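Dropping protein.tsv in here (TSV, C-alpha atoms):
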chain	number	residue	atom	x	y	z
A	1	MET	CA	-13.88	12.81	-9.84
A	2	GLN	CA	-14.19	11.33	-13.35
A	3	ILE	CA	-16.57	8.39	-13.61
A	4	GLY	CA	-13.77	6.12	-14.85
A	5	LYS	CA	-11.62	6.93	-11.84
A	6	ARG	CA	-14.60	6.46	-9.51
A	7	ILE	CA	-15.31	3.02	-10.95
A	8	ARG	CA	-11.68	1.97	-10.58
A	9	MET	CA	-11.47	3.34	-7.04
A	10	GLU	CA	-14.49	1.22	-6.12
A	11	ARG	CA	-12.59	-1.88	-7.27
A	12	ILE	CA	-9.95	-1.07	-4.65
A	13	PHE	CA	-11.91	0.65	-1.86
A	14	ASN	CA	-15.00	-0.96	-0.38
A	15	ARG	CA	-18.08	1.01	-1.44
A	16	LYS	CA	-19.73	0.81	1.97
A	17	THR	CA	-16.76	1.64	4.19
A	18	GLY	CA	-14.52	3.64	1.88
A	19	ARG	CA	-11.60	1.58	3.18
A	20	ALA	CA	-9.26	-1.03	1.71
A	21	VAL	CA	-7.01	-3.95	2.58
A	22	ILE	CA	-4.19	-3.73	0.01
A	23	VAL	CA	-1.38	-6.29	-0.14
A	24	PRO	CA	1.79	-5.14	-1.95
A	25	LEU	CA	3.71	-7.93	-3.69
A	26	ASP	CA	6.37	-5.74	-5.34
A	27	HIS	CA	9.28	-6.66	-3.06
A	28	GLY	CA	10.95	-8.97	-5.61
A	29	VAL	CA	12.54	-6.04	-7.44
A	30	SER	CA	13.93	-4.56	-4.24
A	31	VAL	CA	15.14	-7.67	-2.43
A	32	GLY	CA	14.57	-10.68	-4.71
A	33	PRO	CA	12.19	-13.67	-4.52
A	34	ILE	CA	11.84	-13.76	-0.74
A	35	TYR	CA	9.67	-16.24	1.17
A	36	GLY	CA	6.05	-15.73	0.20
A	37	LEU	CA	6.85	-14.36	-3.25
A	38	VAL	CA	8.03	-17.48	-5.07
A	39	ASP	CA	4.76	-19.05	-6.27
A	40	MET	CA	2.85	-15.89	-7.11
A	41	ARG	CA	-0.43	-17.59	-8.04
A	42	GLU	CA	-0.49	-19.29	-4.66
A	43	THR	CA	0.27	-16.04	-2.87
A	44	VAL	CA	-2.44	-14.13	-4.72
A	45	ASN	CA	-4.84	-17.01	-4.08
A	46	GLN	CA	-4.18	-16.84	-0.34
A	47	VAL	CA	-4.67	-13.08	0.02
A	48	ALA	CA	-7.72	-13.16	-2.28
A	49	GLU	CA	-9.21	-16.07	-0.32
A	50	GLY	CA	-8.87	-14.03	2.84
A	51	GLY	CA	-10.73	-11.13	1.24
A	52	ALA	CA	-8.03	-8.61	0.31
A	53	ASP	CA	-9.44	-5.72	-1.69
A	54	ALA	CA	-6.39	-5.33	-3.93
A	55	VAL	CA	-2.86	-6.51	-4.60
A	56	LEU	CA	0.00	-4.33	-5.83
A	57	MET	CA	2.79	-5.55	-8.11
A	58	HIS	CA	5.13	-4.67	-10.96
A	59	LYS	CA	3.90	-5.05	-14.53
A	60	GLY	CA	5.91	-8.18	-15.31
A	61	LEU	CA	4.50	-10.02	-12.31
A	62	VAL	CA	0.86	-9.62	-13.35
A	63	ARG	CA	1.10	-12.62	-15.69
A	64	CYS	CA	2.67	-14.71	-12.91
A	65	GLY	CA	-0.10	-13.96	-10.46
A	66	HIS	CA	-3.09	-14.22	-12.80
A	67	ARG	CA	-5.17	-17.19	-11.65
A	68	GLU	CA	-8.05	-17.47	-14.16
A	69	GLY	CA	-10.36	-18.30	-11.28
A	70	GLY	CA	-11.06	-17.79	-7.61
A	71	ARG	CA	-12.21	-14.68	-5.78
A	72	ASP	CA	-11.65	-11.44	-7.69
A	73	VAL	CA	-9.18	-8.92	-6.32
A	74	GLY	CA	-8.25	-5.40	-7.42
A	75	LEU	CA	-4.93	-4.76	-9.17
A	76	ILE	CA	-2.54	-1.84	-8.66
A	77	VAL	CA	0.52	-1.74	-10.92
A	78	HIS	CA	3.62	-0.21	-9.34
A	79	LEU	CA	5.49	2.17	-11.64
A	80	SER	CA	8.76	2.85	-9.80
A	81	ALA	CA	11.64	0.73	-8.57
A	82	SER	CA	15.13	0.37	-7.13
A	83	THR	CA	17.12	-2.58	-5.80
A	84	SER	CA	18.93	-3.27	-2.55
A	85	LEU	CA	22.03	-3.98	-4.67
A	86	SER	CA	22.30	-0.35	-5.71
A	87	PRO	CA	24.64	2.10	-3.93
A	88	ARG	CA	21.53	4.35	-3.75
A	89	PRO	CA	18.64	2.01	-2.96
A	90	ASN	CA	16.35	4.88	-1.94
A	91	ALA	CA	16.55	6.48	-5.39
A	92	LYS	CA	13.43	5.28	-7.19
A	93	THR	CA	13.11	5.46	-10.96
A	94	LEU	CA	10.10	4.98	-13.21
A	95	VAL	CA	10.04	1.55	-14.88
A	96	ALA	CA	6.49	1.53	-16.25
A	97	THR	CA	3.80	3.91	-17.46
A	98	VAL	CA	0.13	4.49	-16.80
A	99	GLU	CA	-0.54	3.11	-20.28
A	100	ASP	CA	1.35	-0.09	-19.35
A	101	ALA	CA	-0.91	-0.48	-16.34
A	102	LEU	CA	-4.04	0.02	-18.45
A	103	LYS	CA	-2.89	-2.67	-20.87
A	104	HIS	CA	-2.42	-5.05	-17.93
A	105	GLY	CA	-5.99	-4.48	-16.68
A	106	ALA	CA	-5.00	-2.44	-13.64
A	107	ASP	CA	-7.47	-0.62	-11.41
A	108	GLY	CA	-4.78	1.77	-10.15
A	109	VAL	CA	-1.10	2.70	-10.28
A	110	SER	CA	1.42	3.54	-7.58
A	111	VAL	CA	4.64	5.53	-7.31
A	112	HIS	CA	7.22	5.46	-4.50
A	113	VAL	CA	8.89	8.67	-3.29
A	114	ASN	CA	11.60	8.89	-0.60
A	115	LEU	CA	11.66	12.45	0.69
A	116	GLY	CA	15.09	13.53	1.92
A	117	ASP	CA	17.05	11.38	-0.52
A	118	GLU	CA	19.58	13.15	-2.71
A	119	THR	CA	17.41	12.30	-5.72
A	120	GLU	CA	14.22	13.65	-4.18
A	121	ARG	CA	13.77	16.23	-6.95
A	122	ASP	CA	13.69	13.50	-9.60
A	123	MET	CA	11.18	11.39	-7.69
A	124	LEU	CA	8.94	14.41	-7.13
A	125	ALA	CA	9.10	15.26	-10.83
A	126	ASP	CA	8.14	11.66	-11.65
A	127	LEU	CA	5.22	11.76	-9.23
A	128	GLY	CA	3.94	15.00	-10.70
A	129	ARG	CA	4.12	13.70	-14.27
A	130	VAL	CA	2.45	10.40	-13.41
A	131	ALA	CA	-0.33	12.25	-11.56
A	132	THR	CA	-1.10	14.29	-14.67
A	133	VAL	CA	-1.17	11.28	-17.00
A	134	ALA	CA	-3.12	9.13	-14.52
A	135	ASN	CA	-5.74	11.85	-14.17
A	136	ASP	CA	-6.05	12.11	-17.97
A	137	TRP	CA	-6.80	8.37	-18.12
A	138	GLY	CA	-9.08	8.31	-15.07
A	139	MET	CA	-6.59	6.04	-13.29
A	140	PRO	CA	-6.33	6.22	-9.48
A	141	LEU	CA	-2.82	7.00	-8.21
A	142	LEU	CA	-1.45	5.75	-4.89
A	143	ALA	CA	1.65	7.63	-3.71
A	144	MET	CA	3.95	5.78	-1.30
A	145	MET	CA	5.42	8.70	0.62
A	146	TYR	CA	8.33	7.99	2.97
A	147	ALA	CA	10.98	10.16	4.64
A	148	ARG	CA	14.32	8.44	4.09
A	149	GLY	CA	17.54	10.34	3.65
A	150	PRO	CA	20.60	11.87	5.33
A	151	ARG	CA	18.62	14.62	7.04
A	152	ILE	CA	15.85	12.34	8.32
A	153	LYS	CA	16.47	11.51	11.97
A	154	ASN	CA	13.20	9.65	12.54
A	155	GLU	CA	10.99	8.58	9.63
A	156	TYR	CA	8.10	7.95	12.06
A	157	ASP	CA	8.13	11.46	13.52
A	158	PRO	CA	4.52	12.69	13.27
A	159	GLU	CA	5.47	16.02	11.69
A	160	VAL	CA	7.69	14.29	9.16
A	161	VAL	CA	4.97	11.77	8.28
A	162	ALA	CA	2.38	14.55	7.99
A	163	HIS	CA	4.72	16.45	5.68
A	164	ALA	CA	5.26	13.36	3.50
A	165	ALA	CA	1.53	12.70	3.26
A	166	ARG	CA	0.78	16.30	2.37
A	167	VAL	CA	3.36	16.27	-0.44
A	168	GLY	CA	1.58	13.30	-2.00
A	169	VAL	CA	-1.78	15.06	-1.79
A	170	GLU	CA	-0.50	18.34	-3.18
A	171	LEU	CA	1.19	16.67	-6.17
A	172	GLY	CA	-2.02	14.92	-7.20
A	173	ALA	CA	-2.20	11.49	-5.54
A	174	ASP	CA	-5.67	9.99	-5.03
A	175	VAL	CA	-4.45	7.82	-2.15
A	176	VAL	CA	-1.45	8.34	0.12
A	177	LYS	CA	0.50	5.58	1.85
A	178	VAL	CA	2.66	6.55	4.83
A	179	ALA	CA	4.28	5.04	7.89
A	180	TYR	CA	2.17	4.79	11.03
A	181	THR	CA	3.34	7.32	13.59
A	182	GLY	CA	2.92	5.01	16.56
A	183	ASP	CA	-0.11	6.47	18.31
A	184	MET	CA	-3.67	7.42	17.42
A	185	ASP	CA	-3.54	11.11	18.30
A	186	SER	CA	-0.54	11.93	16.13
A	187	PHE	CA	-1.81	9.84	13.23
A	188	ALA	CA	-5.18	11.56	13.40
A	189	HIS	CA	-3.28	14.78	12.69
A	190	VAL	CA	-1.71	13.18	9.60
A	191	VAL	CA	-5.13	12.11	8.31
A	192	ALA	CA	-6.76	15.45	9.09
A	193	SER	CA	-4.25	17.25	6.88
A	194	CYS	CA	-5.16	15.16	3.83
A	195	CYS	CA	-8.29	15.40	1.67
A	196	VAL	CA	-7.69	11.94	0.14
A	197	PRO	CA	-7.65	8.48	1.74
A	198	VAL	CA	-4.55	7.67	3.83
A	199	VAL	CA	-3.43	4.05	4.25
A	200	ILE	CA	-0.65	2.78	6.49
A	201	ALA	CA	2.48	0.89	5.49
A	202	GLY	CA	3.64	-2.21	7.31
A	203	GLY	CA	7.27	-1.32	7.84
A	204	PRO	CA	9.61	-4.08	9.12
A	205	LYS	CA	8.10	-7.47	9.87
A	206	LEU	CA	6.57	-7.14	13.34
A	207	ASP	CA	7.38	-9.49	16.20
A	208	SER	CA	3.82	-10.72	16.79
A	209	THR	CA	0.45	-10.98	15.12
A	210	ARG	CA	-1.12	-9.09	18.01
A	211	SER	CA	1.18	-6.09	17.61
A	212	PHE	CA	0.36	-5.94	13.91
A	213	LEU	CA	-3.39	-6.17	14.48
A	214	GLN	CA	-3.19	-3.56	17.22
A	215	MET	CA	-1.40	-1.15	14.86
A	216	VAL	CA	-4.07	-1.61	12.18
A	217	HIS	CA	-6.88	-1.24	14.71
A	218	ASP	CA	-5.44	1.99	16.10
A	219	ALA	CA	-4.70	3.45	12.66
A	220	VAL	CA	-8.27	2.85	11.47
A	221	ARG	CA	-9.68	4.36	14.67
A	222	ALA	CA	-7.47	7.39	14.00
A	223	GLY	CA	-9.01	7.82	10.56
A	224	ALA	CA	-6.87	5.69	8.25
A	225	ALA	CA	-8.66	4.32	5.20
A	226	GLY	CA	-7.04	0.93	5.67
A	227	LEU	CA	-3.63	-0.51	5.01
A	228	SER	CA	-1.12	-1.38	2.32
A	229	VAL	CA	1.03	-4.03	3.95
A	230	GLY	CA	3.16	-6.78	2.41
A	231	ARG	CA	5.55	-8.94	4.43
A	232	ASN	CA	3.51	-8.93	7.63
A	233	ILE	CA	0.75	-10.54	5.54
A	234	PHE	CA	2.25	-12.74	2.80
A	235	GLN	CA	4.95	-14.15	5.11
A	236	HIS	CA	2.46	-15.01	7.86
A	237	GLU	CA	1.92	-18.71	8.52
A	238	ARG	CA	-1.87	-18.27	8.24
A	239	THR	CA	-2.24	-15.68	5.53
A	240	PRO	CA	-5.93	-16.25	4.61
A	241	ALA	CA	-7.02	-16.11	8.26
A	242	LEU	CA	-4.92	-13.01	8.89
A	243	VAL	CA	-6.47	-11.21	5.91
A	244	LYS	CA	-9.94	-12.13	7.18
A	245	ALA	CA	-9.03	-10.65	10.55
A	246	LEU	CA	-7.76	-7.49	8.86
A	247	ARG	CA	-11.03	-7.22	6.93
A	248	GLY	CA	-12.84	-7.37	10.24
A	249	LEU	CA	-10.73	-4.54	11.65
A	250	VAL	CA	-10.91	-2.39	8.52
A	251	HIS	CA	-14.45	-2.98	7.25
A	252	GLU	CA	-16.41	-4.14	10.30
A	253	ASP	CA	-14.76	-2.13	13.10
A	254	TRP	CA	-13.75	-5.21	15.06
A	255	ASP	CA	-11.71	-4.85	18.22
A	256	VAL	CA	-8.33	-6.54	18.50
A	257	GLU	CA	-9.63	-9.47	20.52
A	258	GLN	CA	-12.15	-10.35	17.81
A	259	ALA	CA	-9.34	-10.35	15.26
A	260	ILE	CA	-7.04	-12.43	17.50
A	261	SER	CA	-9.80	-15.00	18.03
A	262	LEU	CA	-9.85	-15.63	14.30
A	263	VAL	CA	-6.14	-15.76	13.50
A	264	GLY	CA	-4.48	-16.48	16.84
A	265	GLU	CA	-1.49	-14.84	18.50
Full structure transcribed into structure tokens:
Amino acid sequence: MQIGKRIRMERIFNRKTGRAVIVPLDHGVSVGPIYGLVDMRETVNQVAEGGADAVLMHKGLVRCGHREGGRDVGLIVHLSASTSLSPRPNAKTLVATVEDALKHGADGVSVHVNLGDETERDMLADLGRVATVANDWGMPLLAMMYARGPRIKNEYDPEVVAHAARVGVELGADVVKVAYTGDMDSFAHVVASCCVPVVIAGGPKLDSTRSFLQMVHDAVRAGAAGLSVGRNIFQHERTPALVKALRGLVHEDWDVEQAISLVGE
């Protein structure tokens, strides 16, 4: 790995554990300024205060979340987008470049691919091109790899998730983000098939803090390199405490009860 990419990766992934707590804040393009994403400086302050390793957002939001103080936090600029208003919301298109991310001070970039969508070929082509350019610049690339389309019966099926993760690896991603399969054994298979770090997505907002913490605990025990979760974090009533609990699970191998004792049920 190039030294530039190694340095940037270490701004996202903890040097000692090789894991990361990443908080995506890119939902405004998809669904608008939802709760938790109105005052961006306050949101970034809360996740940074809790000890998040990095936040992820679109290029235009970087200026809104820059705080000029407080705890430092890594920055991943998201390069692809679609909106819920579109007749094809799963069709992602590139809206920024690696060079844009560099100009904004990013430590990494990310691209979203929905396998199984009718526009899969275009998203795969975009991922491949971004991987080449990112590698030229020494910029880490996180690929958000989901299975969403007419032929996908269950996007959490372990074989489907493993396939999605492997596509991201084979097309050049440095980090792969996928859905959690629901149990440790099947997710361990997903991780074993990848030679790069695998982080889990949050999916829909979960019904309890305990269920969320349990999912993170199990994923890490199965070999995940952490998480990249948005709404279950920034819409929580105690965001800083929740992030601290997640740091305990991800970086200090806490059990669920230790995490619950800090943030509550």
Handout entry: Phe212 in chain A surroundings by all atoms listed in the file, 12 Å radius, close-in-sequence under 3 positions cut, as a PyMOL selection string
Key = chain A and resi 180+182+200-209+215-219+227+229-233+236+242-243+245-246+249+256+259-260+263-265
Practice task
Quick one: everything within 7 Å of range 54-62 of chain A, counting all atoms listed in the file, minus sequence neighbours fewer than 6 positions away in the same chain. Send it as a list in words.
Solution key: Ile12, Val21, Ile22, Val23, Pro24, Leu25, Asp26, Val73, Gly74, Leu75, Ile76, Val77, His78, Leu79 and Ala101 of chain A
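If you measure from each of A:Asn45, A:Asn90, A:Asn135, A:Asn114 to Arg6 in chain A using all atoms listed in the file, the closest one turns out to be A:Asn135.
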Practice task
Show which residues sit within 10 Å of Val190 in chain A, as a ChimeraX atom specification. Count all atoms listed in the file, and ignore same-chain residues fewer than 5 positions away.
Solution key: /A:158-166,178,180-181,184-185,198,222-224
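Considering the residues A:Gly70, A:Ser261, A:Ser30, A:Tyr156 and counting all atoms listed in the file, Val47 in chain A has its shortest atom-to-atom contact with A:Gly70.
The spacing separating CA of Met145 in chain A from CA of Leu127 in chain A amounts to 10.3 Å.
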Around all the atoms of range 53-69 of chain A listed in the file, with 6 Å of room on each side, what axis-aligned box do you get, giving centre and edge lengths in Å to one decimal, as AutoDock Vina command-line options?
--center_x -2.2 --center_y -11.3 --center_z -8.7 --size_x 28.3 --size_y 26.0 --size_z 26.0
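What separates CA of Arg88 in chain A from CA of Pro140 in chain A is a distance of 28.5 Å.
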Polymer residues at most 12 Å from Ala125 in chain A, only C-alpha atoms, same-chain spacing of 2 or more positions, as a JSON list (two decimals) with C-alpha atoms, keeping the file's coordinate frame:
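Listed below is the output, part.json:
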[["chain", "number", "residue", "atom", "x", "y", "z"],
["A", 92, "LYS", "CA", 13.43, 5.28, -7.19],
["A", 93, "THR", "CA", 13.11, 5.46, -10.96],
["A", 94, "LEU", "CA", 10.10, 4.98, -13.21],
["A", 111, "VAL", "CA", 4.64, 5.53, -7.31],
["A", 112, "HIS", "CA", 7.22, 5.46, -4.50],
["A", 113, "VAL", "CA", 8.89, 8.67, -3.29],
["A", 119, "THR", "CA", 17.41, 12.30, -5.72],
["A", 120, "GLU", "CA", 14.22, 13.65, -4.18],
["A", 121, "ARG", "CA", 13.77, 16.23, -6.95],
["A", 122, "ASP", "CA", 13.69, 13.50, -9.60],
["A", 123, "MET", "CA", 11.18, 11.39, -7.69],
["A", 127, "LEU", "CA", 5.22, 11.76, -9.23],
["A", 128, "GLY", "CA", 3.94, 15.00, -10.70],
["A", 129, "ARG", "CA", 4.12, 13.70, -14.27],
["A", 130, "VAL", "CA", 2.45, 10.40, -13.41],
["A", 131, "ALA", "CA", -0.33, 12.25, -11.56],
["A", 132, "THR", "CA", -1.10, 14.29, -14.67],
["A", 167, "VAL", "CA", 3.36, 16.27, -0.44],
["A", 168, "GLY", "CA", 1.58, 13.30, -2.00],
["A", 171, "LEU", "CA", 1.19, 16.67, -6.17],
["A", 172, "GLY", "CA", -2.02, 14.92, -7.20]]
Handout entry: Residue nearest Arg67 in chain A - candidates A:Ala81, A:Ile3, A:Gln46, A:Thr17, atoms counted: only C-alpha atoms
Key = A:Gln46
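Separating CA of Val176 in chain A from CA of Ala143 in chain A is a distance of 5.0 Å.
Using all atoms listed in the file, the residues found no farther than 12 Å from Gly4 in chain A, other than those of its own chain fewer than 6 positions away, are A:Glu10, A:Arg11, A:Asp107, A:Gly108, A:Ala134, A:Asn135, A:Asp136, A:Trp137, A:Gly138, A:Met139, A:Pro140.
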Fill in the blank from the handout: In terms of all atoms listed in the file, the residue from A:Ala20, A:Val199, A:Ala173, A:Ile152 at minimal distance from Asp117 in chain A is A:Ile152
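Between Asp255 in chain A and the candidates A:Val175, A:Leu37, A:Leu213, A:Met1, the tightest atom-to-atom separation, counting only C-alpha atoms, involves A:Leu213.
If you measure from each of A:Leu141, A:Cys194, A:Ala241, A:Val98 to Ala225 in chain A using all atoms listed in the file, the closest one turns out to be A:Cys194.
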Given the point (0.4, -15.4, -13.5) in the file's coordinates, find the residues that have an atom at most 10 Å from it, counting all atoms listed in the file, and give them as a compact mmCIF listing (two decimals) with C-alpha atoms, in the coordinates of the input.
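Writing the result to part-v2.txt gives the following:
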# COMPACT_ATOMS: atom_id res chain seq x y z
CA ASP A 39 4.76 -19.05 -6.27
CA MET A 40 2.85 -15.89 -7.11
CA ARG A 41 -0.43 -17.59 -8.04
CA GLU A 42 -0.49 -19.29 -4.66
CA VAL A 44 -2.44 -14.13 -4.72
CA GLY A 60 5.91 -8.18 -15.31
CA LEU A 61 4.50 -10.02 -12.31
CA VAL A 62 0.86 -9.62 -13.35
CA ARG A 63 1.10 -12.62 -15.69
CA CYS A 64 2.67 -14.71 -12.91
CA GLY A 65 -0.10 -13.96 -10.46
CA HIS A 66 -3.09 -14.22 -12.80
CA ARG A 67 -5.17 -17.19 -11.65
CA GLU A 68 -8.05 -17.47 -14.16
